[in-house]
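Q: One structure, pasted below without further comment.
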Amino acid sequence: MQLTKKSTEVKAGALGLNRRQFLKNAGVTTGGIAAASMLGTGMIKKAEAASTDLSQPVEVKRTICSACAVGCGIYAEVQNGVWTGQEPAFDHPFNAGGHCAKGAAIREHGHSTKRVKYPMKLEGGKWKKLSWEQAINEIGDKMLEIKETSGPDSVYFMGSAKFSNEGAYMYRKFAALWGTNNIDHSARICHSTSVAGVANTWGYGAQSNSFNDIRNAKNIFLIGANPAEAHPVSLQHILTAKERGATITVADPRFSRTAAHAHIHLPLRPGTDIPLVYGLMWHIFENGWEDKNFMEQRAWGMDKIREEVKRWTPEEVENVTGCSREAVYAAAKHMHENRPGTVIWCMGGTQHTVGNANTRIYSILQLVLGNMGIPGGGTNIFRGHDNVQGATDMGLLFDNLPGYYGLTTAAWQHWCRVWDLPFEQVKANFDPNQYLGKDPMTTPGMPCSRWHDGVLEDKANLAQKDHLRLAFFWGQSVNTQSRQMEVRDGLDKLETVVVVDPYPTMAGVMHRRTDGVYLLPAATQFECEGSLNNSGRSVQWRQQVVEPLFESKNDLEIMYRLAKRVGIADDFTKKIKVTNNLPDADDIMREYTVGMRSVGYTGWSPERVKAHTMNWGDFSREDLQAKGGANKGETYGLPWPCWGTPEQKHPGTHILYRTGMNVNQGGGNFRARFGVEFEGESILADGSASKDAEIQDGYPEFSDVLLKQLGWWDELTDEEKVAAEGRTWATDLSGGIVRVALAHNMVPYGNAKARCRVWTFPDEIPVHREPLYTPRRDLIAKYPTHEDMRVHRLPTLFKTIQDKVIADDLDKKYPLIATSGRLVEYEGGGEESRSSAWLAELQQEMFVEINPADATDRGIRDGDDVWLEGAEGGRIKIKAMVTPRVLPGTTWMPYHFAGVMHDEELQYPESGGVSTKPYVVGESANTALTYGYDPVAQMQETKASLCQIEKA
Amino acid sequence: MAQMKFMCDTKRCIECNGCVVACKNENSEAVEWGIQRRRVVTINDGQPGEASISVACMHCDDAPCMKVCPANVFSKTEDGIVLHDKDRCIGCGYCLYACPFGAPQFPKKSVFGGKGKMDKCTFCAGGPNTEAGSAEEKVKYGANRIAEGKLPMCAELCSTKALLAGDAGMVSDIYRERVVGRGHENAGWEK
Amino acid sequence: NGGEIAPQAGNEAEVVWQAIQQGAEGRTTSLNEHHPQLINSYDLRMLDWRNDWLSYAMFFALFGMIAVFIAFIAINGISKLEKGFSGKMVYRWSKTDVFLHWLAAIPCLLLCVTGLVLLSGKFIIEPLLGTGAFAGMANVSKLVHDYMAIPFMLGWIIISIKWAKNQIPARYDLDWFMVVGGYINFGPFKGKHPHAGFANAGEKLFFWAFVLFGLVISVSGVILLFPNLVEPSRTVSMIAVLAHGAAAIVLCAFSIVHIFMATVMSEGGVDCMISGYCDENWAIQHHDLWYDEIKANGTLKYMEK
Ligand SMILES: Nc1nc2c(c(=O)[nH]1)N[C@H]1C(S)=C(S)[C@@H](COP(=O)(O)OP(=O)(O)OC[C@H]3O[C@@H](n4cnc5c(=O)[nH]c(N)nc54)[C@H](O)[C@@H]3O)O[C@H]1N2
Ligand SMILES: Nc1nc2c(c(=O)[nH]1)N[C@H]1C(S)=C(S)[C@@H](COP(=O)(O)OP(=O)(O)OC[C@H]3O[C@@H](n4cnc5c(=O)[nH]c(N)nc54)[C@H](O)[C@@H]3O)O[C@H]1N2
Ligand code: HEM
Ligand code: HEM
Ligand code: SF4
Ligand code: SF4
Ligand code: SF4
Ligand code: SF4
Ligand code: SF4
Ligand SMILES: [Mo]
């Protein structure tokens, strides 16, 4: 859009209002501002404008949109410390200046006067203002008391995908030093099934290519993803591909905004992705469209898949999924005729009791088509929050340490070395006893999806000493968990609730407590600096745009203060500079890049990352490569794995598993992560390797042993040898093993086949299992769910629920399928985006999409009030949107609303004389959504349940 | 002289409301809750043939609003931008009746009498009779990007480059190039 | 419903465009009641009619009619009471009637003037008085017009009902027209005094014009004044503007004639709407049948001194 644009600079004095002063004032005065806030935003703006100082010069800061994982760049204009304007970043390689509603609102988003302005505490039913000092002291003391009586596992650390990498890493480290694995974040209820499923297929659980690379696709298969609303700027790339001739198929129960741009729409019944994909494969195998060569060289266990495919004849596929033979055939034909093809998936696939299997079947489809490791191909797993990729990498998970090292003793030892702390000392922080045969330090903790079960479940059923008693909700809003009624009970039963968030969130609002709730105002990422990873594994740096507003504080500072109070501060920042209680972001990055070897963070440094961010314009939109300039030849954001040391200047890996390229330029192959053989069969790659690799065949991951076997051990320096002895590429802190592997153009993590059979999972290959709350009882016998099982610390029900559906005729009482998802205007639980006047204005009402046929049966017209009741009895009063977007028998709800429960408005605290109640509130979809968890990842089932709707 | 125009490429518009909010952001001082200078309309919603279009004031050549306004509120700049003078508006609503695109909007929803000062898209060119970039202009009309040598914020921030703004000739050239280019390399995307 | 395979047609855009031009409505997140529709199409010539014709006609209806009348009187002279004033005042209108008259009349005058500013001002007044002055006038006019509309409508509706019985056309009204009411002081009409009842044919014509165009103007005015209550569409509103203007022209022209008749033309006429009484000679000259009637049935009442 650079038509007649003359400059990107704004003339000084062209705009300006003293926003910061206004907001600061709002924090301390009462009354006047409160009155002003009643008048609506228009009035507030006018009041601000009065204090305008037009003579202030404009500073331009680079930051990244915080609303989704596309990672769009933004120029923020700051005058006198106030964020006064936003300019399009035309030169940004991801978005070329484009933004969806949320990005366009970023100046307001997160800067609302509805924020929590100072530490607060609920006492005797009243909200009280606290000093930071007192708040930290009280919370820290309570933690210590709990640790004393119930052990460290009774404190729950809910973290955030909004954290910077540095924040996420330090939070994980905090929990580790506190002595618990009861830490998790929204990735659990987002892509945990992808991470588990995909990592177990070929090595890394991340998007294999990038948004930009979709431009090179000739066929695009979107299944369970609606990027037109959830990743709007990615459509820039998807539509480019379309305009260059790519065909698009969308498999989604709804005719979504994305489907509107597709050539083929496959309206499958929610929860039947596996049959649909097998159905596609049926046509592919039937017609010999598979890539036999690829499958032979790089995929293992395909026989079992071929066998299963036979079962999914077009008739059975249509019976189970509802998709016609013709449509499925047409989609399969496109996949065959238009290569390379990419597969994009998101929550429609992941949020199911069969989520992990869904993500595996999508991956297997790409193996069958030979679409992995090439431009225009790959599994483009669109991640959710702005830094969910980073937070996941940083092990902000109940079952991992940073870098996906797991929770084994070896993993702990690795990180203890990175932290420069004795393992025994770290171990001593944990509860040393075993519960139900499990050792807390090496057993995954409570999942984000079910922390409330950790409060409510019978103590005898928990694999830890006691219930959760204190929980931090640090950048995560609990209305995003299903079973809201239990979530509410869980909040009520906790002894202490600590919300660390710019907003009070539902954790601070929806309980029925009179005491023991703390609200600590966290600054948003625009008030801090740090790095974040977009969905495509590219890291970007956010410059600090403004100082923390009101009395809010950087997450890192809050963590550090708390660490001091609970006595772990020295360990916490042993190698990190701390100024005024604020740990240094650069130092933190230097620490974790050393440890995060398994994902190849080692090539990153604050300097390199900043150099990319400060030179957006150097990188090509086509392949993210800098064609010139200081970063010449590098891929934007150094997508991991970025091998070696920063000095080695690895360009980053734009496309994972790309055999057509030298590993030193970003090439690779599937990871040898699961040993070298299974049941006597080799699972290493066969006759395939990355370009120039000295061994043009499969090989195991590099370790001291392998180096010695290959006779390359002596290529290590003497110091490296010491460090490498007894270690692998992933745990050798000297980096010698990696260096040698790269010198031979070989991939440090080995070269194996992708495995279609994950023998460690409940279902070795993906098989269809009907949702717990299925409308098709006739299919249960043939496709039953799992037996009940214990997953880590919690018992998990499957068959019990499905049996109950039949026994109690729940499918008859609740005949409509309930699914949920996203609106482009709101983000996540929505407390933040509904507090942005510009966004809130656009969606003022919670609603359910219902087909005209179902609506007519119920006498419901568009815009009517209705009661929607979920299959577990959760009732919500919302508006009906009568639309053909959903098929008869299916309903869909956005999940961004909260603040109303069972038609009752919740009470929000006042802060700084302004109510923190967002501009728009509404019933949460999750009040009506029901039980159901993935057996591997503990993902909640928020996409396939049952409900009934009646006119209110 | 340039003739400024908008053009929305329905093949690209994804109804993301980016343009709508971009306008709110850029003109935040002038545009209050309830007034959207730009809106996105989706026809055939939820069915094959669904298409979304972003609309605001089209800065018509022979502008009906201008013709009908009893108070002579409208003026056309030499760039073909139709501006409105809020000081003169009497809130009669004629422009709303006459405008084919539903662009004019009113802040007041009172039952009796005037509707308040009409507001509509200014092509991010501020208003007449105010100093470009002044605080007064900001509060009354919003940004004056044209004076800064920039184009409208809504188009500049459009997520998919569906919305084009600029000189009519250039806009239609780009669009034509795209239409011709559809199915070919690049397809006019860099514009 | 097993899946859609979208047509690969190249003319999709055409189809969409056609639907839009025909006023198709869609979904939008804007809550503005007009926003679901992309294009509201109506006959754009309406705007030209208003600008090119109505605005000048309105101007003529006011200033033009005044000029015509002044010229007419200059040539023709006024209608004098042939026998002069008798000094005896005959009861003709009740106090209520007088009140009602002014309830409608004063707003009516203001509405005409302010309406003129709105309809013709931009074309005629602004070029004469300049932008600044006109802007102020337009603003005031709008306000005055809005508020005057209410008393006017009140007066109009009551008058229309209450006075109608006196305004039923009769046979002799035709004769009245044949001699133009006897107001012409030259040619074959000179000195003719046609018969007239309580109201003469001219007054009846004015009355019914007042009722009819008052209706049009009130209905269209209400549409414009209370858009949120009644506004069915922008096109109807646009039509209302035109209808309002057209009716205003007629009413305005009639009002000018009426005022001239009552004040200047017909000596002694204006007393009727000041005191409610008219001079006996006036009654005999202008409303002989009425005078005869009240005299005969004894309802004739003189003003007490
Ligand atoms: N505007 C906005 N953007 C966001 C977010 C946001 O909150 N708001 N959140 C971000 C986050 S955290 C995430 S994870 C992503 C999520 O992005 P998406 O996953 O693309 O978004 P959803 O709307 O949750 O789900 C996508 C589609 O899945 C469909 N679906 C439902 N059930 C099934 C099923 O059984 N099978 C299949 N194949 N499809 C099904 C739904 O109809 C829906 O259209 O978006 C990110 N971007
Ligand atoms: N029914 C249903 N439920 C769902 C889904 C669905 O599709 N359907 N989707 C699921 C998915 S994919 C996800 S990812 C989750 C999302 O669930 P959440 O992660 O709970 O969603 P958000 O509301 O975005 O929560 C982020 C919080 O972080 C706060 N925050 C922002 N910046 C900062 C910061 O810098 N520091 C701190 N401390 N806090 C900050 C925000 O104010 C906000 O409260 O919801 C899940 N729930
Ligand atoms: C003798 C009676 C009236 C006359 C002569 C008159 C005349 C006019 C004229 C000439 C216009 C301008 C039309 C245009 O610009 O095209 C106008 C506008 C208008 N009139 Fe009247 N009108 C009269 C009574 C009324 C009444 C009874 C109402 C309301 C119930 C009304 C409400 C309006 C409104 C709302 C407008 C639009 C302008 C504005 O909002 O001020 N008018 N009128
Ligand atoms: C200065 C202005 C006016 C004067 C001096 C005036 C005077 C009069 C007089 C003297 C009569 C009584 C005639 C009779 O007794 O036969 C009359 C009647 C009437 N006037 Fe007016 N009038 C004025 C303005 C208006 C206006 C502006 C209207 C409304 C548009 C109006 C509406 C009527 C009506 C409806 C009647 C009854 C019918 C009739 O007798 O003609 N008058 N007026
Ligand atoms: S929400 Fe996502 S697509 Fe929209 S502007 Fe932000 S990063 Fe870009
Ligand atoms: S307001 Fe309407 S009529 Fe006037 S220029 Fe804009 S689009 Fe055209
Ligand atoms: S509302 Fe204002 S701008 Fe519109 S026609 Fe009336 S005076 Fe003119
Ligand atoms: S041109 Fe400016 S004022 Fe007009 S819609 Fe776009 S952003 Fe808003
Ligand atoms: S920003 Fe662009 S794509 Fe999004 S709604 Fe507006 S015009 Fe359409
Ligand atoms: Mo997510």
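Naming scheme: A, B, ... for chains in displayed order of the structure tokens; residues 1 onward per chain; ligands 1 onward as shown.
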Output as a ChimeraX atom specification the set of chain B residues within 8 Å of chain C, with distances taken over only C-alpha atoms.
A: /B:10,34-36,39-45,48-49,51,55,64,67-68,70-72,88-90,92,94,96-102,109,111-114
Q: Mind writing the picked residues with C-alpha atoms as a short mmCIF file (atom, residue, chain, number, x, y, z; two decimals), in the first residue's frame?
A:
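The file below, result-v2.cif, is the result:
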```
data_model
loop_
_atom_site.label_atom_id
_atom_site.label_comp_id
_atom_site.auth_asym_id
_atom_site.auth_seq_id
_atom_site.Cartn_x
_atom_site.Cartn_y
_atom_site.Cartn_z
CA THR B 10 -14.15 -8.88 -2.25
CA GLY B 34 -21.52 3.68 18.41
CA ILE B 35 -20.11 5.43 15.40
CA GLN B 36 -18.24 3.35 12.90
CA ARG B 39 -18.13 -1.14 8.38
CA VAL B 40 -17.83 -4.54 6.81
CA VAL B 41 -20.90 -6.18 5.37
CA THR B 42 -21.07 -9.85 4.52
CA ILE B 43 -23.64 -10.97 2.05
CA ASN B 44 -24.77 -14.55 1.57
CA ASP B 45 -23.44 -15.11 5.06
CA PRO B 48 -21.54 -20.51 -0.88
CA GLY B 49 -21.18 -17.16 -2.53
CA ALA B 51 -18.59 -12.21 0.18
CA VAL B 55 -17.53 0.32 3.09
CA PRO B 64 -25.63 13.19 -3.12
CA LYS B 67 -26.40 18.09 -3.08
CA VAL B 68 -28.97 17.60 -0.40
CA PRO B 70 -29.34 22.39 3.47
CA ALA B 71 -26.50 23.87 5.45
CA ASN B 72 -23.81 23.48 2.84
CA ARG B 88 -22.19 24.10 10.22
CA CYS B 89 -24.07 20.84 10.47
CA ILE B 90 -27.60 21.29 11.79
CA CYS B 92 -31.18 17.38 9.83
CA TYR B 94 -30.80 14.65 4.85
CA LEU B 96 -28.02 10.11 5.58
CA TYR B 97 -31.18 9.75 3.51
CA ALA B 98 -29.43 10.72 0.34
CA CYS B 99 -26.19 8.80 0.80
CA PRO B 100 -26.40 5.51 -1.08
CA PHE B 101 -23.76 3.96 1.19
CA GLY B 102 -25.14 4.79 4.60
CA LYS B 109 -30.31 9.11 19.41
CA VAL B 111 -36.43 11.14 19.84
CA PHE B 112 -37.05 14.77 19.13
CA GLY B 113 -35.26 17.24 17.02
CA GLY B 114 -31.71 17.28 15.80
#
```
Q: Taking only C-alpha atoms and all ligand atoms into account, report as a PDB file with N, CA and C atoms, in the first residue's frame which residues have an atom no farther than 6 Å from an atom of ligand 9.
A:
```pdb
ATOM      1  N   CYS A 100      -5.574  -7.454  11.692  1.00  0.00           N
ATOM      2  CA  CYS A 100      -6.990  -7.693  11.892  1.00  0.00           C
ATOM      3  C   CYS A 100      -7.468  -6.718  12.968  1.00  0.00           C
TER       4      CYS A 100
ATOM      5  N   CYS B  13     -11.254  -9.702   0.889  1.00  0.00           N
ATOM      6  CA  CYS B  13     -11.773  -9.258   2.186  1.00  0.00           C
ATOM      7  C   CYS B  13     -12.249 -10.457   2.990  1.00  0.00           C
ATOM      8  N   ILE B  14     -11.803 -10.551   4.222  1.00  0.00           N
ATOM      9  CA  ILE B  14     -12.138 -11.704   5.067  1.00  0.00           C
ATOM     10  C   ILE B  14     -12.981 -11.292   6.267  1.00  0.00           C
ATOM     11  N   GLU B  15     -13.517 -10.107   6.225  1.00  0.00           N
ATOM     12  CA  GLU B  15     -14.345  -9.602   7.324  1.00  0.00           C
ATOM     13  C   GLU B  15     -13.622  -9.667   8.663  1.00  0.00           C
ATOM     14  N   CYS B  16     -12.428  -9.183   8.674  1.00  0.00           N
ATOM     15  CA  CYS B  16     -11.687  -9.249   9.925  1.00  0.00           C
ATOM     16  C   CYS B  16     -11.871  -7.972  10.736  1.00  0.00           C
ATOM     17  N   ASN B  17     -12.547  -7.006  10.175  1.00  0.00           N
ATOM     18  CA  ASN B  17     -12.822  -5.750  10.863  1.00  0.00           C
ATOM     19  C   ASN B  17     -11.571  -4.955  11.224  1.00  0.00           C
ATOM     20  N   GLY B  18     -10.467  -5.332  10.636  1.00  0.00           N
ATOM     21  CA  GLY B  18      -9.235  -4.584  10.887  1.00  0.00           C
ATOM     22  C   GLY B  18      -9.387  -3.130  10.466  1.00  0.00           C
ATOM     23  N   CYS B  19      -9.981  -2.940   9.318  1.00  0.00           N
ATOM     24  CA  CYS B  19     -10.152  -1.584   8.794  1.00  0.00           C
ATOM     25  C   CYS B  19     -11.059  -0.759   9.709  1.00  0.00           C
ATOM     26  N   VAL B  40     -18.002  -3.439   7.752  1.00  0.00           N
ATOM     27  CA  VAL B  40     -17.828  -4.535   6.811  1.00  0.00           C
ATOM     28  C   VAL B  40     -19.148  -5.285   6.754  1.00  0.00           C
ATOM     29  N   SER B  54     -15.940  -4.037   2.637  1.00  0.00           N
ATOM     30  CA  SER B  54     -15.734  -2.971   3.607  1.00  0.00           C
ATOM     31  C   SER B  54     -16.175  -1.658   2.967  1.00  0.00           C
ATOM     32  N   CYS B 158      -5.256  -2.727   6.421  1.00  0.00           N
ATOM     33  CA  CYS B 158      -6.070  -3.871   5.976  1.00  0.00           C
ATOM     34  C   CYS B 158      -5.244  -5.149   5.992  1.00  0.00           C
ATOM     35  N   SER B 159      -5.803  -6.155   6.660  1.00  0.00           N
ATOM     36  CA  SER B 159      -5.020  -7.361   6.907  1.00  0.00           C
ATOM     37  C   SER B 159      -4.608  -8.070   5.629  1.00  0.00           C
ATOM     38  N   THR B 160      -5.450  -8.009   4.617  1.00  0.00           N
ATOM     39  CA  THR B 160      -5.161  -8.795   3.407  1.00  0.00           C
ATOM     40  C   THR B 160      -4.935  -7.916   2.195  1.00  0.00           C
ATOM     41  N   LYS B 161      -4.851  -6.609   2.427  1.00  0.00           N
ATOM     42  CA  LYS B 161      -4.705  -5.657   1.320  1.00  0.00           C
ATOM     43  C   LYS B 161      -5.923  -5.721   0.392  1.00  0.00           C
ATOM     44  N   ALA B 162      -7.063  -6.083   0.968  1.00  0.00           N
ATOM     45  CA  ALA B 162      -8.294  -6.083   0.179  1.00  0.00           C
ATOM     46  C   ALA B 162      -8.722  -4.644  -0.074  1.00  0.00           C
ATOM     47  N   LEU B 163      -8.535  -3.830   0.925  1.00  0.00           N
ATOM     48  CA  LEU B 163      -9.014  -2.460   0.845  1.00  0.00           C
ATOM     49  C   LEU B 163      -7.912  -1.571   0.286  1.00  0.00           C
TER      50      LEU B 163
END
```
Q: Taking only C-alpha atoms and all ligand atoms into account, list the residues no farther than 6 Å from ligand 5, as a PDB file with N, CA and C atoms, in the first residue's frame.
A:
```pdb
ATOM      1  N   CYS A  65       2.235  -7.516  17.837  1.00  0.00           N
ATOM      2  CA  CYS A  65       0.858  -7.693  18.298  1.00  0.00           C
ATOM      3  C   CYS A  65       0.791  -8.853  19.284  1.00  0.00           C
ATOM      4  N   ALA A  67      -2.024 -10.423  20.195  1.00  0.00           N
ATOM      5  CA  ALA A  67      -3.316 -11.102  20.187  1.00  0.00           C
ATOM      6  C   ALA A  67      -3.331 -12.460  19.504  1.00  0.00           C
ATOM      7  N   CYS A  68      -2.334 -12.776  18.687  1.00  0.00           N
ATOM      8  CA  CYS A  68      -2.287 -14.150  18.187  1.00  0.00           C
ATOM      9  C   CYS A  68      -0.897 -14.485  17.714  1.00  0.00           C
ATOM     10  N   ALA A  69      -0.732 -15.721  17.301  1.00  0.00           N
ATOM     11  CA  ALA A  69       0.607 -16.245  17.030  1.00  0.00           C
ATOM     12  C   ALA A  69       1.142 -15.900  15.649  1.00  0.00           C
ATOM     13  N   VAL A  70       0.404 -15.095  14.885  1.00  0.00           N
ATOM     14  CA  VAL A  70       0.958 -14.684  13.595  1.00  0.00           C
ATOM     15  C   VAL A  70       2.196 -13.817  13.851  1.00  0.00           C
ATOM     16  N   GLY A  71       2.088 -12.953  14.858  1.00  0.00           N
ATOM     17  CA  GLY A  71       3.250 -12.143  15.228  1.00  0.00           C
ATOM     18  C   GLY A  71       3.441 -10.909  14.383  1.00  0.00           C
ATOM     19  N   CYS A  72       2.367 -10.212  14.115  1.00  0.00           N
ATOM     20  CA  CYS A  72       2.441  -9.042  13.242  1.00  0.00           C
ATOM     21  C   CYS A  72       3.229  -7.904  13.887  1.00  0.00           C
ATOM     22  N   HIS A  99      -3.287  -5.717   9.575  1.00  0.00           N
ATOM     23  CA  HIS A  99      -3.739  -6.153  10.896  1.00  0.00           C
ATOM     24  C   HIS A  99      -5.201  -6.512  10.853  1.00  0.00           C
ATOM     25  N   CYS A 100      -5.574  -7.454  11.692  1.00  0.00           N
ATOM     26  CA  CYS A 100      -6.990  -7.693  11.892  1.00  0.00           C
ATOM     27  C   CYS A 100      -7.468  -6.718  12.968  1.00  0.00           C
ATOM     28  N   LYS A 102      -7.946  -6.957  16.066  1.00  0.00           N
ATOM     29  CA  LYS A 102      -7.226  -6.927  17.343  1.00  0.00           C
ATOM     30  C   LYS A 102      -5.898  -6.202  17.216  1.00  0.00           C
ATOM     31  N   GLY A 103      -5.217  -6.465  16.121  1.00  0.00           N
ATOM     32  CA  GLY A 103      -3.949  -5.775  15.922  1.00  0.00           C
ATOM     33  C   GLY A 103      -4.154  -4.286  15.719  1.00  0.00           C
ATOM     34  N   HIS A 231      -6.454 -16.227  12.675  1.00  0.00           N
ATOM     35  CA  HIS A 231      -5.112 -15.797  12.255  1.00  0.00           C
ATOM     36  C   HIS A 231      -5.253 -14.969  10.985  1.00  0.00           C
ATOM     37  N   PRO A 232      -6.008 -13.893  11.076  1.00  0.00           N
ATOM     38  CA  PRO A 232      -6.432 -13.197   9.851  1.00  0.00           C
ATOM     39  C   PRO A 232      -5.299 -12.821   8.908  1.00  0.00           C
ATOM     40  N   VAL A 233      -4.196 -12.382   9.451  1.00  0.00           N
ATOM     41  CA  VAL A 233      -3.138 -11.926   8.552  1.00  0.00           C
ATOM     42  C   VAL A 233      -2.510 -13.102   7.797  1.00  0.00           C
TER      43      VAL A 233
END
```
Q: At a cut-off of 8 Å, list the chain B residues touching chain A, using only C-alpha atoms, as an NGL selection string.
A: :B and (11-12 or 14-22 or 24-26 or 28-34 or 45-51 or 133-135 or 138-139 or 143 or 148-151 or 155-161 or 164 or 166 or 170 or 181-187 or 189-191)
Q: Distance limit 6 Å, reference ligand 1, atoms considered: only C-alpha atoms and all ligand atoms. Which residues make the cut? Give them as a PyMOL selection string.
A: chain A and resi 68+190+223-227+229-231+251-254+256+270-273+346-349+383-385+819+821-828+943
Q: Select from stretch 456-542 of chain A everything DSSP, run on the backbone, classes as helix (DSSP H, G or I), then give the selection as a list in words.
A: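 Matching residues for helix (DSSP H, G or I) in stretch 456-542 of chain A are Leu456, Lys459, Ala460, Asn461, Val478, Asn479, Thr480, Gln484, Met485, Glu486, Val487, Arg488, Asp489, Gly490, Leu491, Asp492, Lys493, Thr505, Met506, Ala507, Gly508, Val509, Gln525, Phe526 and Glu527 of chain A.
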Q: Quick one: of B:Glu131, B:Asp85, B:Glu177, B:Asp61, who's nearest to ligand 6, counting only C-alpha atoms and all ligand atoms?
A: B:Asp61
Q: Which residues are near ligand 4 in this structure, taking near to mean any atom at most 7 Å from a ligand atom and counting only C-alpha atoms and all ligand atoms? Format them as an MDAnalysis selection string.
A: chainID C and resid 92 101 104:106 108:109 159 198:199 203:204 206:207 210 251 255 258:259 262:263 269:273
Q: Can you build me a table of chain B residues sitting at most 12 Å from ligand 6, with the closest atom pair per residue and its distance in Å to one decimal, using only C-alpha atoms and all ligand atoms, sorted by chain and residue number, as a Markdown table?
A:
```
| residue | atom | partner | partner_atom_place_in_ligand_line | distance |
| --- | --- | --- | --- | --- |
| B:Met4 | CA | ligand 6 | 5 (S) | 11.3 |
| B:Lys5 | CA | ligand 6 | 5 (S) | 10.5 |
| B:Phe6 | CA | ligand 6 | 7 (S) | 10.5 |
| B:Arg37 | CA | ligand 6 | 1 (S) | 10.3 |
| B:Arg38 | CA | ligand 6 | 7 (S) | 11.0 |
| B:Val55 | CA | ligand 6 | 7 (S) | 9.0 |
| B:Ala56 | CA | ligand 6 | 7 (S) | 6.9 |
| B:Cys57 | CA | ligand 6 | 6 (Fe) | 3.7 |
| B:Met58 | CA | ligand 6 | 7 (S) | 4.1 |
| B:His59 | CA | ligand 6 | 5 (S) | 3.8 |
| B:Cys60 | CA | ligand 6 | 8 (Fe) | 4.1 |
| B:Asp61 | CA | ligand 6 | 5 (S) | 7.3 |
| B:Asp62 | CA | ligand 6 | 8 (Fe) | 7.7 |
| B:Ala63 | CA | ligand 6 | 5 (S) | 4.6 |
| B:Pro64 | CA | ligand 6 | 3 (S) | 4.4 |
| B:Cys65 | CA | ligand 6 | 4 (Fe) | 4.2 |
| B:Met66 | CA | ligand 6 | 4 (Fe) | 6.1 |
| B:Lys67 | CA | ligand 6 | 3 (S) | 8.6 |
| B:Val68 | CA | ligand 6 | 3 (S) | 9.2 |
| B:Cys69 | CA | ligand 6 | 4 (Fe) | 9.7 |
| B:Val73 | CA | ligand 6 | 4 (Fe) | 10.7 |
| B:Phe74 | CA | ligand 6 | 4 (Fe) | 8.1 |
| B:Ser75 | CA | ligand 6 | 5 (S) | 9.5 |
| B:Lys76 | CA | ligand 6 | 5 (S) | 8.9 |
| B:Thr77 | CA | ligand 6 | 5 (S) | 11.6 |
| B:Gly80 | CA | ligand 6 | 5 (S) | 9.5 |
| B:Ile81 | CA | ligand 6 | 5 (S) | 7.9 |
| B:Val82 | CA | ligand 6 | 5 (S) | 5.5 |
| B:Leu83 | CA | ligand 6 | 5 (S) | 8.2 |
| B:His84 | CA | ligand 6 | 1 (S) | 8.9 |
| B:Gly93 | CA | ligand 6 | 1 (S) | 11.2 |
| B:Tyr94 | CA | ligand 6 | 3 (S) | 10.3 |
| B:Cys95 | CA | ligand 6 | 1 (S) | 6.7 |
| B:Leu96 | CA | ligand 6 | 1 (S) | 7.3 |
| B:Tyr97 | CA | ligand 6 | 3 (S) | 9.1 |
| B:Ala98 | CA | ligand 6 | 3 (S) | 6.4 |
| B:Cys99 | CA | ligand 6 | 3 (S) | 3.9 |
| B:Pro100 | CA | ligand 6 | 2 (Fe) | 5.9 |
| B:Phe101 | CA | ligand 6 | 7 (S) | 5.3 |
| B:Gly102 | CA | ligand 6 | 2 (Fe) | 6.4 |
| B:Ala103 | CA | ligand 6 | 1 (S) | 5.1 |
| B:Pro104 | CA | ligand 6 | 1 (S) | 5.6 |
| B:Gln105 | CA | ligand 6 | 1 (S) | 9.3 |
| B:Met118 | CA | ligand 6 | 1 (S) | 9.9 |
| B:Asp119 | CA | ligand 6 | 1 (S) | 9.2 |
| B:Lys120 | CA | ligand 6 | 1 (S) | 6.8 |
| B:Cys121 | CA | ligand 6 | 6 (Fe) | 7.5 |
| B:Thr122 | CA | ligand 6 | 6 (Fe) | 8.8 |
| B:Phe123 | CA | ligand 6 | 6 (Fe) | 9.8 |
```
